[in-house]
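Visitor: Below is a structure I'd like to ask you about.
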Amino acid sequence: MIRFTQTGFAYGQHQILRDVTLHLAPGSFHFLTGASGAGKSTLLKLCYLALRPGAGQMHVLGEDVVALSRDDVALVRQRIGVVHQDCQFLDHLSVAENVLLPLELAGRMGPTSRDNLRELLSWVGLSGRERAFPPELSGGERQRAALARALILSPEVILADEPTGNVDRDMGERLLHLLVELNRMGRTILLATHDLSLIRSAKREVPARVLRLRDGVVELAGAEL
Amino acid sequence: MIGRVANLLRGDAIRDRIMPPSPLLGAGVLAASIALSTLAALAMLVVVQVHTTAARWTDDLSRAVTLQLPSGLGEDAQTKIASILSATPGVLSSTELSAEAQRALIAPFLGRDLTLDLASLPMMISLDVQPGQFDETGLRARLAGELPGVRVIAHGQGRQPLLETARSIRWLAIAALVLVQLGLMVLVALAVMARLASNRQVIETLRLVGANDALIERGFGRQITMQTGLGAVIGTVIAGLAGLVLPLETGALTFMLLLVPIAALASAWLASRQTARYLLRQMS
């Protein structure tokens, strides 16, 4: 699904990732931990093609990332759902319009899209908030709206970068539970977080693997958790 | 190409909706476009008007030739002149200037009240000739041989400085027109840069949800192109109204009305697309 082969990345002279070799199998659940600045967000950005590797090889959904054209990058991104800590929306569009946006951009709006939207918003607990605008939402509602937007195209992979960073503990648990449910439905999940209690909580529900980024290298860190 | 223009004018529901509104920048682009397009349209008026006026003047002058006969020439001479003129190719008609016409001719210089002995003035014959066919050299040669003292004044000879002046004015106006178009393109490029810089987060979000750069580029480009196009139409109408109070040809006005907005729209489209494309590449 996502494969790094001796992949490296640097911002100028500052090496962030070196010789990363990693395989996220279909239907797997991975946590990515590490200190602030260790490169968790960079690794996720490589996964959703916001960055391209500086060295080595990388394949996302079977595509060689280095060889992809700019238009093909957009097509691959439509198969990946992304949720950020500081989730961004188009503030002049309503929640419903924001969530439906990936569907419209992919040209996949159909007669059942509105019904699917209502169902999805209900599932993430945002029923009745369709007409609200992003600045009117609370932190938790924004995260759930971002999750709904990430899911509207039924992506094969869901990448979450500190999704519980701006919400309280209960909301964090609720978001995690939604991601666990998605994983049970067969979605591949990669969740970057430094919240160890969240990881312990998830490991009780799914066989998640924990990866740790240290000095630009990814290592398996599940045993101590 | 026609499809692209139609697409630009028609718009697109998603593309137009995803672009956040920017009323202040939009108003600025509109106002600047009105000002520049008014200038462009006025420059265009000058080009077309100078061209048509110079063409008319030179045409009129190249048709006019005057024969100046010394005073006291007898009837025999006049008959000989008529015979020479009828045998000269390209002479369409000849008119002897009457006493009244001669008075009118010198009135602007010497006044109407001046008492003159017209008999002492040279006699004038005005010729209407066909440019290109008129045998001026032959006429001069025959008159010099048979009636020395008769002068041939070809007014077309004086048109050269007029033509050169008209040509200079025309080039100056075209240069002004080109500079105005370049100014418009720079304005559009700056507006696109401002829009993209202030919407960096929107661009990131759009990319995140699967929008390709071509769509983003067209979205931002269309907004600014349409504002520029609207400004060009308004500017052209303003210049057209100014043109109505001037003695202009309707043909010139119509030509100008069509060309200025089309040129503005094309320049804005090109500048906005190229700028947006370049900047989006830098942002990736």
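Chain labels follow the order of the structure tokens: the first chain is A, the next B, and so on; residue numbering restarts at 1 in every chain, and ligands are counted from 1 in their shown order.
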Which residues are near A:Tyr48? Cut-off 8 Å, only C-alpha atoms, ignore same chain within fewer than 4 positions. Put them as a list in words.
Guide: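 Contacts, with the query itself left out: Leu44, Arg77, Ile80, Val82 and Leu159 of chain A.
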Visitor: Mind writing the picked residues with N, CA and C atoms as an mmCIF file, in the first residue's frame?
Guide:
```
data_model
loop_
_atom_site.group_PDB
_atom_site.id
_atom_site.type_symbol
_atom_site.label_atom_id
_atom_site.label_comp_id
_atom_site.auth_asym_id
_atom_site.auth_seq_id
_atom_site.Cartn_x
_atom_site.Cartn_y
_atom_site.Cartn_z
ATOM 1 N N LEU A 44 4.529 11.832 7.004
ATOM 2 C CA LEU A 44 3.137 11.799 6.538
ATOM 3 C C LEU A 44 2.973 12.573 5.225
ATOM 4 N N ARG A 77 -3.862 11.445 -4.643
ATOM 5 C CA ARG A 77 -4.336 12.055 -3.391
ATOM 6 C C ARG A 77 -5.821 11.806 -3.161
ATOM 7 N N ILE A 80 -6.433 8.978 -0.921
ATOM 8 C CA ILE A 80 -5.876 9.047 0.443
ATOM 9 C C ILE A 80 -6.670 10.081 1.240
ATOM 10 N N VAL A 82 -6.771 12.548 4.501
ATOM 11 C CA VAL A 82 -5.805 13.163 5.417
ATOM 12 C C VAL A 82 -6.529 13.993 6.468
ATOM 13 N N LEU A 159 -4.488 8.985 6.669
ATOM 14 C CA LEU A 159 -3.307 9.494 7.355
ATOM 15 C C LEU A 159 -3.777 10.573 8.324
#
```
Visitor: At most 12 Å is the cut-off: for each residue in chain B with any atom that close to an atom of chain A, write down the nearest atom pair and the distance in Å rounded to one decimal, counting only C-alpha atoms, chain first then increasing number, as a Markdown table.
Guide:
```
| residue | atom | partner | partner_atom | distance |
| --- | --- | --- | --- | --- |
| B:Asp12 | CA | A:Leu105 | CA | 11.7 |
| B:Ala13 | CA | A:Glu104 | CA | 9.9 |
| B:Ile14 | CA | A:Glu104 | CA | 7.2 |
| B:Arg15 | CA | A:Leu105 | CA | 9.0 |
| B:Asp16 | CA | A:Leu93 | CA | 11.8 |
| B:Arg17 | CA | A:Leu93 | CA | 8.2 |
| B:Ile18 | CA | A:Leu90 | CA | 7.4 |
| B:Met19 | CA | A:Leu90 | CA | 8.7 |
| B:Pro20 | CA | A:His92 | CA | 6.3 |
| B:Pro21 | CA | A:His92 | CA | 8.1 |
| B:Ser22 | CA | A:His92 | CA | 11.1 |
| B:Asn199 | CA | A:Leu90 | CA | 10.0 |
| B:Arg200 | CA | A:Gln88 | CA | 11.2 |
| B:Gln201 | CA | A:Gln88 | CA | 7.4 |
| B:Val202 | CA | A:Leu90 | CA | 6.3 |
| B:Ile203 | CA | A:Leu90 | CA | 9.5 |
| B:Glu204 | CA | A:Gln88 | CA | 8.5 |
| B:Thr205 | CA | A:Gln88 | CA | 6.1 |
| B:Leu206 | CA | A:Leu90 | CA | 8.4 |
| B:Arg207 | CA | A:Ala74 | CA | 7.0 |
| B:Leu208 | CA | A:Arg77 | CA | 7.0 |
| B:Val209 | CA | A:Pro102 | CA | 5.2 |
| B:Gly210 | CA | A:Ala74 | CA | 4.9 |
| B:Ala211 | CA | A:Ala74 | CA | 6.0 |
| B:Asn212 | CA | A:Ala74 | CA | 5.2 |
| B:Asp213 | CA | A:Asp71 | CA | 7.5 |
| B:Ala214 | CA | A:Asp71 | CA | 8.2 |
| B:Leu215 | CA | A:Leu105 | CA | 9.1 |
| B:Ile216 | CA | A:Leu105 | CA | 10.9 |
| B:Arg277 | CA | A:Arg70 | CA | 11.9 |
| B:Leu280 | CA | A:Arg70 | CA | 10.9 |
| B:Arg281 | CA | A:Arg70 | CA | 9.5 |
| B:Met283 | CA | A:Ala50 | CA | 10.4 |
| B:Ser284 | CA | A:Ala50 | CA | 7.4 |
```
Visitor: Near stretch 176-192 of chain B, within 10 Å and counting only C-alpha atoms, which residues show up once chain neighbours fewer than 3 positions away are dropped, as a VMD selection string?
Guide: chain B and resid 25 to 26 28 to 29 32 to 33 35 to 44 47 170 to 173 195 to 198 217 220 to 221 223 to 225 227 to 228 232 260 263 to 276 279
Visitor: In stretch 18-267 of chain B, what's strand (DSSP E) per DSSP? Answer as a list in words?
Guide: Ala64, Val65, Thr66, Leu67, Gln68, Leu69, Val91, Leu92, Ser93, Ser94, Thr95, Glu96, Met123, Met124, Ile125, Ser126, Leu127, Asp128, Val129, Arg151, Val152, Ile153 and Ala154 of chain B
Visitor: If we count only C-alpha atoms and set the cut-off at 9 Å, which residues sit around stretch 142-144 of chain A, ignoring sequence neighbours fewer than 6 positions away in its own chain? Please answer as a ChimeraX atom specification.
Guide: /A:83-89,121,124-126,134-135,163-164,166-167,175
Visitor: Quick one: write out the picked residues with C-alpha atoms as a PDB file, in the first residue's frame?
Guide:
```pdb
ATOM      1  CA  VAL A  83      -6.686  14.633   8.821  1.00  0.00           C
ATOM      2  CA  HIS A  84      -4.468  17.312  10.358  1.00  0.00           C
ATOM      3  CA  GLN A  85      -4.184  18.703  13.868  1.00  0.00           C
ATOM      4  CA  ASP A  86      -4.883  22.200  12.508  1.00  0.00           C
ATOM      5  CA  CYS A  87      -7.447  21.013  10.008  1.00  0.00           C
ATOM      6  CA  GLN A  88      -7.919  23.487   7.208  1.00  0.00           C
ATOM      7  CA  PHE A  89     -11.170  24.283   5.459  1.00  0.00           C
ATOM      8  CA  LEU A 121     -21.963  13.478   9.180  1.00  0.00           C
ATOM      9  CA  VAL A 124     -18.982  11.447  12.995  1.00  0.00           C
ATOM     10  CA  GLY A 125     -21.575  13.164  15.189  1.00  0.00           C
ATOM     11  CA  LEU A 126     -22.135  16.302  13.128  1.00  0.00           C
ATOM     12  CA  PRO A 134     -15.949  26.239   9.629  1.00  0.00           C
ATOM     13  CA  PRO A 135     -15.213  29.284  11.847  1.00  0.00           C
ATOM     14  CA  PRO A 163      -5.676  14.528  15.091  1.00  0.00           C
ATOM     15  CA  THR A 164      -6.333  14.662  18.819  1.00  0.00           C
ATOM     16  CA  ASN A 166      -6.417  20.235  19.729  1.00  0.00           C
ATOM     17  CA  VAL A 167      -9.296  18.412  21.398  1.00  0.00           C
ATOM     18  CA  LEU A 175     -11.933  10.228  17.188  1.00  0.00           C
TER      19      LEU A 175
END
```
Visitor: Rank B:Ala54, B:Leu147, B:Gly90, B:Ala64 by their smallest atom-to-atom distance to B:Asp76, using only C-alpha atoms, and report the top residue only.
Guide: B:Leu147
Visitor: If you count only C-alpha atoms, which residues fall within 10 Å of stretch 124-128 of chain B, apart from same-chain ones fewer than 6 positions away, as a ChimeraX atom specification?
Guide: /B:60-71,81,85,90-99,101-102,134,150-154
Visitor: Run DSSP on the backbone and tell me which residues of stretch 37-243 of chain B come out as alpha helix (DSSP H); list them as a ChimeraX atom specification.
Guide: /B:37-63,75-87,99-110,136-146,159-198,200-208,213-243
Visitor: Quick one: pull the distance between atom CA of A:Val157 and atom CA of A:Leu190, Å, one decimal.
Guide: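 Answer for the atom CA of A:Val157 to atom CA of A:Leu190 separation: 7.9 Å.
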Visitor: So that I can see what lies close to A:Gln57, please list as a PyMOL selection string the residues with an atom at most 10 Å from it, counting only C-alpha atoms and leaving out residues fewer than 6 positions away in the same chain.
Guide: chain A and resi 3-8+19-21+64-66
Visitor: Write to file, as a PDB file, in the first residue's frame, the residues of the selection just made, with C-alpha atoms.
Guide:
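Written output follows (again-v3.pdb):
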```pdb
ATOM      1  CA  ARG A   3       6.341   1.355   0.725  1.00  0.00           C
ATOM      2  CA  PHE A   4       9.497   3.294   1.609  1.00  0.00           C
ATOM      3  CA  THR A   5      12.766   1.804   0.328  1.00  0.00           C
ATOM      4  CA  GLN A   6      15.876   3.452   1.770  1.00  0.00           C
ATOM      5  CA  THR A   7      14.030   6.724   1.467  1.00  0.00           C
ATOM      6  CA  GLY A   8      15.652   9.959   2.543  1.00  0.00           C
ATOM      7  CA  ASP A  19      17.336   5.310   4.765  1.00  0.00           C
ATOM      8  CA  VAL A  20      13.739   4.732   5.840  1.00  0.00           C
ATOM      9  CA  THR A  21      12.510   1.305   4.806  1.00  0.00           C
ATOM     10  CA  ASP A  64       6.263   5.254  -8.044  1.00  0.00           C
ATOM     11  CA  VAL A  65       6.094   8.664  -6.367  1.00  0.00           C
ATOM     12  CA  VAL A  66       9.233  10.028  -8.027  1.00  0.00           C
TER      13      VAL A  66
END
```
Visitor: So how far away is atom CA of A:Arg131 from atom CA of A:His177, in Å?
Guide: 25.6 Å
Visitor: Rank nothing, just name the residue among A:Gln15, A:Ala35, A:Ala96, A:Cys47 nearest to A:Glu119, using only C-alpha atoms.
Guide: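 Using only C-alpha atoms, the shortest distance to A:Glu119 belongs to A:Ala96.
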Visitor: How many Å lie between atom CA of A:Ser41 and atom CA of A:His23, rounded to one decimal?
Guide: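 Those two atoms sit 17.3 Å apart.
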